[in-house]
Amino acid sequence: MSISLSPDRPPIDPYPLSPYVTWAGNRNRDPILQVFKEIFPKSGHVLELASGGGGHINYFAPHFPQLQFQPSDYDVDVFEPIKQKRADQGSSNVADPIKIDLTAPETWPDPKGRLYDVIFVVNLFQVAPVNIADGIAQVAARVLTKDGFVAIYGPFKVDGKHTTESNEAFDKEILAAKVPEWGLKDVRDLEKAANKHGIALKKIIDMPVNNFILVFGRA
Ligand SMILES: C[S@@+](CC[C@H](N)C(=O)[O-])C[C@H]1O[C@@H](n2cnc3c(N)ncnc32)[C@H](O)[C@@H]1O
């Protein structure tokens, strides 16, 4: 979701069903899939947070027929589009979406229920408050299996600095919208939030167009 010189980029709009989010998803889904093919387990359960229109989970699921995928979002208006994409794709390993609001513990999955081998989230932090990291860490602490991991994709600052000029320009562009919680977040702030809940940053994977996949697991 970081800035591109691509002339076909629609205007920035974080609404999950916007042309911009669809465009960004179409651009990043194959590079993410390549990494997931390397790091996903052979079988088990995968939870996506902030699924939006369901473009990623429905694109990935057919590549992992031995895994069961659970989409989620806090915005229940995206549930029908997620189900529609599942029907279009004919995926039998994508469950009905569930409501998880990362700021509302009463919506978080029950640790006595299903545990997840993987939790992933794409392009949330640049349009959410940094304390969302606390919610993700607490959900992970509740429902991640012992050897499970959390994969967080997006553009981030590292140690207070932008990693590239293009990410700095992208950050300026979203900050110009003057929505208080928008803007690139710092990997170290995510790490601090995770550490409070027994979750640790294990790996930073460089992705195209100056994005990252941050991999967290139990400390
Ligand atoms: C920019 S969209 C990205 C959607 C999708 N992951 C993608 O990459 O296409 C951000 C998503 O985060 C969701 N979201 C924002 N705040 C959230 C929260 N507190 N809890 C759960 N989801 C949230 C929004 O509803 C939206 O679907």
# chains A, B, ... in the order shown; residues from 1 in each chain; ligands from 1

$ residues_near_ligand --ligand "ligand 1" --cutoff "7 Å" --atoms "only C-alpha atoms and all ligand atoms" --output "MDAnalysis selection string"
chainID A and resid 14:16 21:22 25 49:56 73:75 100:103 121:124 127:128 132

$ write_last_selection --atoms "C-alpha atoms" --output "PDB file, in the first residue's frame"
ATOM      1  CA  PRO A  14      -8.685   3.246   2.986  1.00  0.00           C
ATOM      2  CA  TYR A  15     -12.314   2.118   2.646  1.00  0.00           C
ATOM      3  CA  PRO A  16     -11.866  -1.661   2.285  1.00  0.00           C
ATOM      4  CA  VAL A  21      -7.555  -0.897  -1.686  1.00  0.00           C
ATOM      5  CA  THR A  22      -8.487  -3.315  -4.488  1.00  0.00           C
ATOM      6  CA  GLY A  25      -4.331  -5.814  -3.009  1.00  0.00           C
ATOM      7  CA  LEU A  49      -7.432  -9.879  10.865  1.00  0.00           C
ATOM      8  CA  ALA A  50      -8.881  -6.815   9.103  1.00  0.00           C
ATOM      9  CA  SER A  51      -9.755  -8.877   6.010  1.00  0.00           C
ATOM     10  CA  GLY A  52     -11.516  -5.982   4.268  1.00  0.00           C
ATOM     11  CA  GLY A  53     -13.161  -7.173   1.054  1.00  0.00           C
ATOM     12  CA  GLY A  54     -11.527 -10.604   1.403  1.00  0.00           C
ATOM     13  CA  GLY A  55      -9.288 -10.244  -1.648  1.00  0.00           C
ATOM     14  CA  HIS A  56      -6.248 -11.749   0.055  1.00  0.00           C
ATOM     15  CA  ASP A  73     -12.994  -7.611  10.348  1.00  0.00           C
ATOM     16  CA  TYR A  74     -14.650  -5.118  12.666  1.00  0.00           C
ATOM     17  CA  ASP A  75     -16.753  -3.804   9.801  1.00  0.00           C
ATOM     18  CA  ILE A 100     -13.037  -9.099  15.526  1.00  0.00           C
ATOM     19  CA  ASP A 101     -12.462  -5.491  16.559  1.00  0.00           C
ATOM     20  CA  LEU A 102      -8.851  -5.156  17.614  1.00  0.00           C
ATOM     21  CA  THR A 103      -9.790  -2.401  20.043  1.00  0.00           C
ATOM     22  CA  VAL A 121      -2.919  -8.948   8.531  1.00  0.00           C
ATOM     23  CA  VAL A 122      -2.355  -6.787   5.456  1.00  0.00           C
ATOM     24  CA  ASN A 123      -2.270  -2.998   5.231  1.00  0.00           C
ATOM     25  CA  LEU A 124      -3.944  -2.090   8.494  1.00  0.00           C
ATOM     26  CA  VAL A 127      -4.908   3.663   8.630  1.00  0.00           C
ATOM     27  CA  ALA A 128      -5.243   2.608  12.287  1.00  0.00           C
ATOM     28  CA  ILE A 132      -3.983  -1.660  17.419  1.00  0.00           C
TER      29      ILE A 132
END

$ residues_around --residues "Lys112 (chain A)" --least-positions-apart "3" --cutoff "10 Å" --atoms "only C-alpha atoms" --output "PyMOL selection string"
chain A and resi 109+115+142-143

$ closest_residue --among "A:Pro155, A:Gly113, A:Pro129, A:Pro208" --to "Trp182 (chain A)" --atoms "only C-alpha atoms"
A:Pro129

$ select_by_dssp --residues "chain A" --states "strand (DSSP E)" --output "VMD selection string"
chain A and resid 44 to 49 67 to 70 72 to 73 98 to 99 116 to 122 144 to 154 199 to 207 211 to 218

$ write_last_selection --atoms "N, CA and C atoms" --output "compact mmCIF listing (two decimals), in the first residue's frame"
# COMPACT_ATOMS: atom_id res chain seq x y z
N GLY A 44 -3.35 -26.99 9.20
CA GLY A 44 -3.70 -26.21 10.39
C GLY A 44 -4.68 -25.11 10.08
N HIS A 45 -4.68 -24.07 10.93
CA HIS A 45 -5.71 -23.02 10.87
C HIS A 45 -5.05 -21.64 10.78
N VAL A 46 -5.65 -20.81 9.92
CA VAL A 46 -5.12 -19.48 9.64
C VAL A 46 -6.21 -18.45 9.88
N LEU A 47 -5.89 -17.44 10.69
CA LEU A 47 -6.84 -16.35 10.96
C LEU A 47 -6.33 -15.08 10.29
N GLU A 48 -7.17 -14.44 9.48
CA GLU A 48 -6.83 -13.12 8.96
C GLU A 48 -7.56 -12.06 9.76
N LEU A 49 -6.83 -11.04 10.20
CA LEU A 49 -7.43 -9.88 10.87
C LEU A 49 -7.61 -8.78 9.83
N LEU A 67 -5.02 -26.16 4.62
CA LEU A 67 -5.20 -25.18 5.70
C LEU A 67 -6.64 -24.67 5.69
N GLN A 68 -7.15 -24.35 6.87
CA GLN A 68 -8.49 -23.78 7.01
C GLN A 68 -8.33 -22.29 7.31
N PHE A 69 -9.03 -21.45 6.55
CA PHE A 69 -8.86 -19.99 6.64
C PHE A 69 -10.08 -19.33 7.30
N GLN A 70 -9.78 -18.42 8.23
CA GLN A 70 -10.85 -17.71 8.94
C GLN A 70 -10.71 -16.19 8.69
N SER A 72 -11.82 -12.16 9.10
CA SER A 72 -12.45 -11.36 10.16
C SER A 72 -12.29 -9.88 9.84
N ASP A 73 -13.12 -9.07 10.45
CA ASP A 73 -12.99 -7.61 10.35
C ASP A 73 -13.90 -7.02 11.43
N ILE A 98 -15.90 -13.59 10.73
CA ILE A 98 -16.32 -13.30 12.09
C ILE A 98 -15.90 -11.88 12.45
N LYS A 99 -16.65 -11.29 13.38
CA LYS A 99 -16.32 -9.93 13.81
C LYS A 99 -15.20 -9.96 14.85
N TYR A 116 -4.86 -20.96 16.44
CA TYR A 116 -4.43 -20.71 15.06
C TYR A 116 -2.92 -20.87 14.92
N ASP A 117 -2.53 -21.51 13.82
CA ASP A 117 -1.10 -21.69 13.52
C ASP A 117 -0.51 -20.42 12.90
N VAL A 118 -1.38 -19.68 12.23
CA VAL A 118 -0.95 -18.43 11.59
C VAL A 118 -2.04 -17.37 11.80
N ILE A 119 -1.60 -16.16 12.11
CA ILE A 119 -2.49 -15.00 12.08
C ILE A 119 -1.83 -14.01 11.13
N PHE A 120 -2.57 -13.51 10.15
CA PHE A 120 -1.95 -12.52 9.26
C PHE A 120 -2.84 -11.30 9.09
N VAL A 121 -2.19 -10.21 8.74
CA VAL A 121 -2.92 -8.95 8.53
C VAL A 121 -2.17 -8.13 7.48
N VAL A 122 -2.94 -7.53 6.58
CA VAL A 122 -2.36 -6.79 5.46
C VAL A 122 -2.87 -5.35 5.48
N LEU A 144 -2.83 -18.08 19.49
CA LEU A 144 -1.77 -18.62 18.65
C LEU A 144 -1.29 -19.95 19.24
N THR A 145 -1.07 -20.94 18.38
CA THR A 145 -0.49 -22.20 18.86
C THR A 145 0.93 -21.93 19.38
N LYS A 146 1.51 -22.92 20.04
CA LYS A 146 2.83 -22.73 20.66
C LYS A 146 3.88 -22.28 19.64
N ASP A 147 3.86 -22.91 18.47
CA ASP A 147 4.85 -22.58 17.44
C ASP A 147 4.27 -21.71 16.34
N GLY A 148 3.09 -21.16 16.58
CA GLY A 148 2.43 -20.36 15.56
C GLY A 148 3.11 -19.00 15.38
N PHE A 149 2.70 -18.29 14.33
CA PHE A 149 3.28 -16.97 14.10
C PHE A 149 2.25 -15.99 13.57
N VAL A 150 2.60 -14.71 13.72
CA VAL A 150 1.78 -13.61 13.20
C VAL A 150 2.59 -12.95 12.08
N ALA A 151 1.97 -12.75 10.92
CA ALA A 151 2.65 -12.08 9.80
C ALA A 151 1.92 -10.79 9.50
N ILE A 152 2.63 -9.68 9.63
CA ILE A 152 2.02 -8.35 9.43
C ILE A 152 2.67 -7.69 8.22
N TYR A 153 1.85 -7.46 7.18
CA TYR A 153 2.36 -6.87 5.94
C TYR A 153 2.01 -5.39 5.87
N GLY A 154 2.96 -4.59 5.42
CA GLY A 154 2.67 -3.17 5.18
C GLY A 154 3.94 -2.36 5.12
N ILE A 199 4.93 -11.82 23.19
CA ILE A 199 5.09 -12.05 21.75
C ILE A 199 6.35 -11.28 21.31
N ALA A 200 7.16 -11.90 20.45
CA ALA A 200 8.43 -11.28 20.07
C ALA A 200 8.57 -11.20 18.55
N LEU A 201 9.27 -10.15 18.09
CA LEU A 201 9.56 -10.01 16.65
C LEU A 201 10.65 -11.01 16.29
N LYS A 202 10.37 -11.90 15.33
CA LYS A 202 11.32 -12.95 14.97
C LYS A 202 12.06 -12.63 13.68
N LYS A 203 11.39 -11.94 12.77
CA LYS A 203 11.99 -11.75 11.45
C LYS A 203 11.35 -10.56 10.74
N ILE A 204 12.18 -9.82 9.98
CA ILE A 204 11.64 -8.76 9.10
C ILE A 204 11.97 -9.16 7.67
N ILE A 205 10.95 -9.32 6.87
CA ILE A 205 11.17 -9.75 5.47
C ILE A 205 10.91 -8.54 4.56
N ASP A 206 11.90 -8.19 3.75
CA ASP A 206 11.72 -7.09 2.79
C ASP A 206 10.80 -7.53 1.67
N MET A 207 9.88 -6.65 1.32
CA MET A 207 8.93 -6.93 0.25
C MET A 207 9.04 -5.85 -0.82
N ASN A 211 7.75 -2.32 1.22
CA ASN A 211 6.92 -2.86 2.29
C ASN A 211 7.71 -3.94 3.04
N PHE A 212 7.12 -4.42 4.12
CA PHE A 212 7.74 -5.48 4.91
C PHE A 212 6.69 -6.52 5.29
N ILE A 213 7.18 -7.73 5.57
CA ILE A 213 6.36 -8.66 6.37
C ILE A 213 7.10 -8.82 7.70
N LEU A 214 6.42 -8.44 8.80
CA LEU A 214 6.98 -8.60 10.14
C LEU A 214 6.45 -9.91 10.70
N VAL A 215 7.36 -10.78 11.12
CA VAL A 215 6.94 -12.08 11.64
C VAL A 215 7.16 -12.10 13.16
N PHE A 216 6.07 -12.32 13.88
CA PHE A 216 6.11 -12.39 15.35
C PHE A 216 5.74 -13.79 15.80
N GLY A 217 6.30 -14.22 16.93
CA GLY A 217 5.91 -15.51 17.51
C GLY A 217 5.97 -15.40 19.02
N ARG A 218 5.65 -16.50 19.68
CA ARG A 218 5.73 -16.47 21.15
C ARG A 218 7.18 -16.31 21.58

$ residues_around --residues "region 185-191 of chain A" --least-positions-apart "6" --cutoff "7 Å" --atoms "only C-alpha atoms" --output "list in words"
Phe125, Gln126, Val130, Ala133, Phe156, Lys157, Val158, Asp159, Gly160, Ala200 and Leu201 of chain A

$ select_by_dssp --residues "region 18-122 of chain A" --states "helix (DSSP H, G or I)" --output "number ranges by chain"
A: 19-39, 55-63, 76-89, 105-107
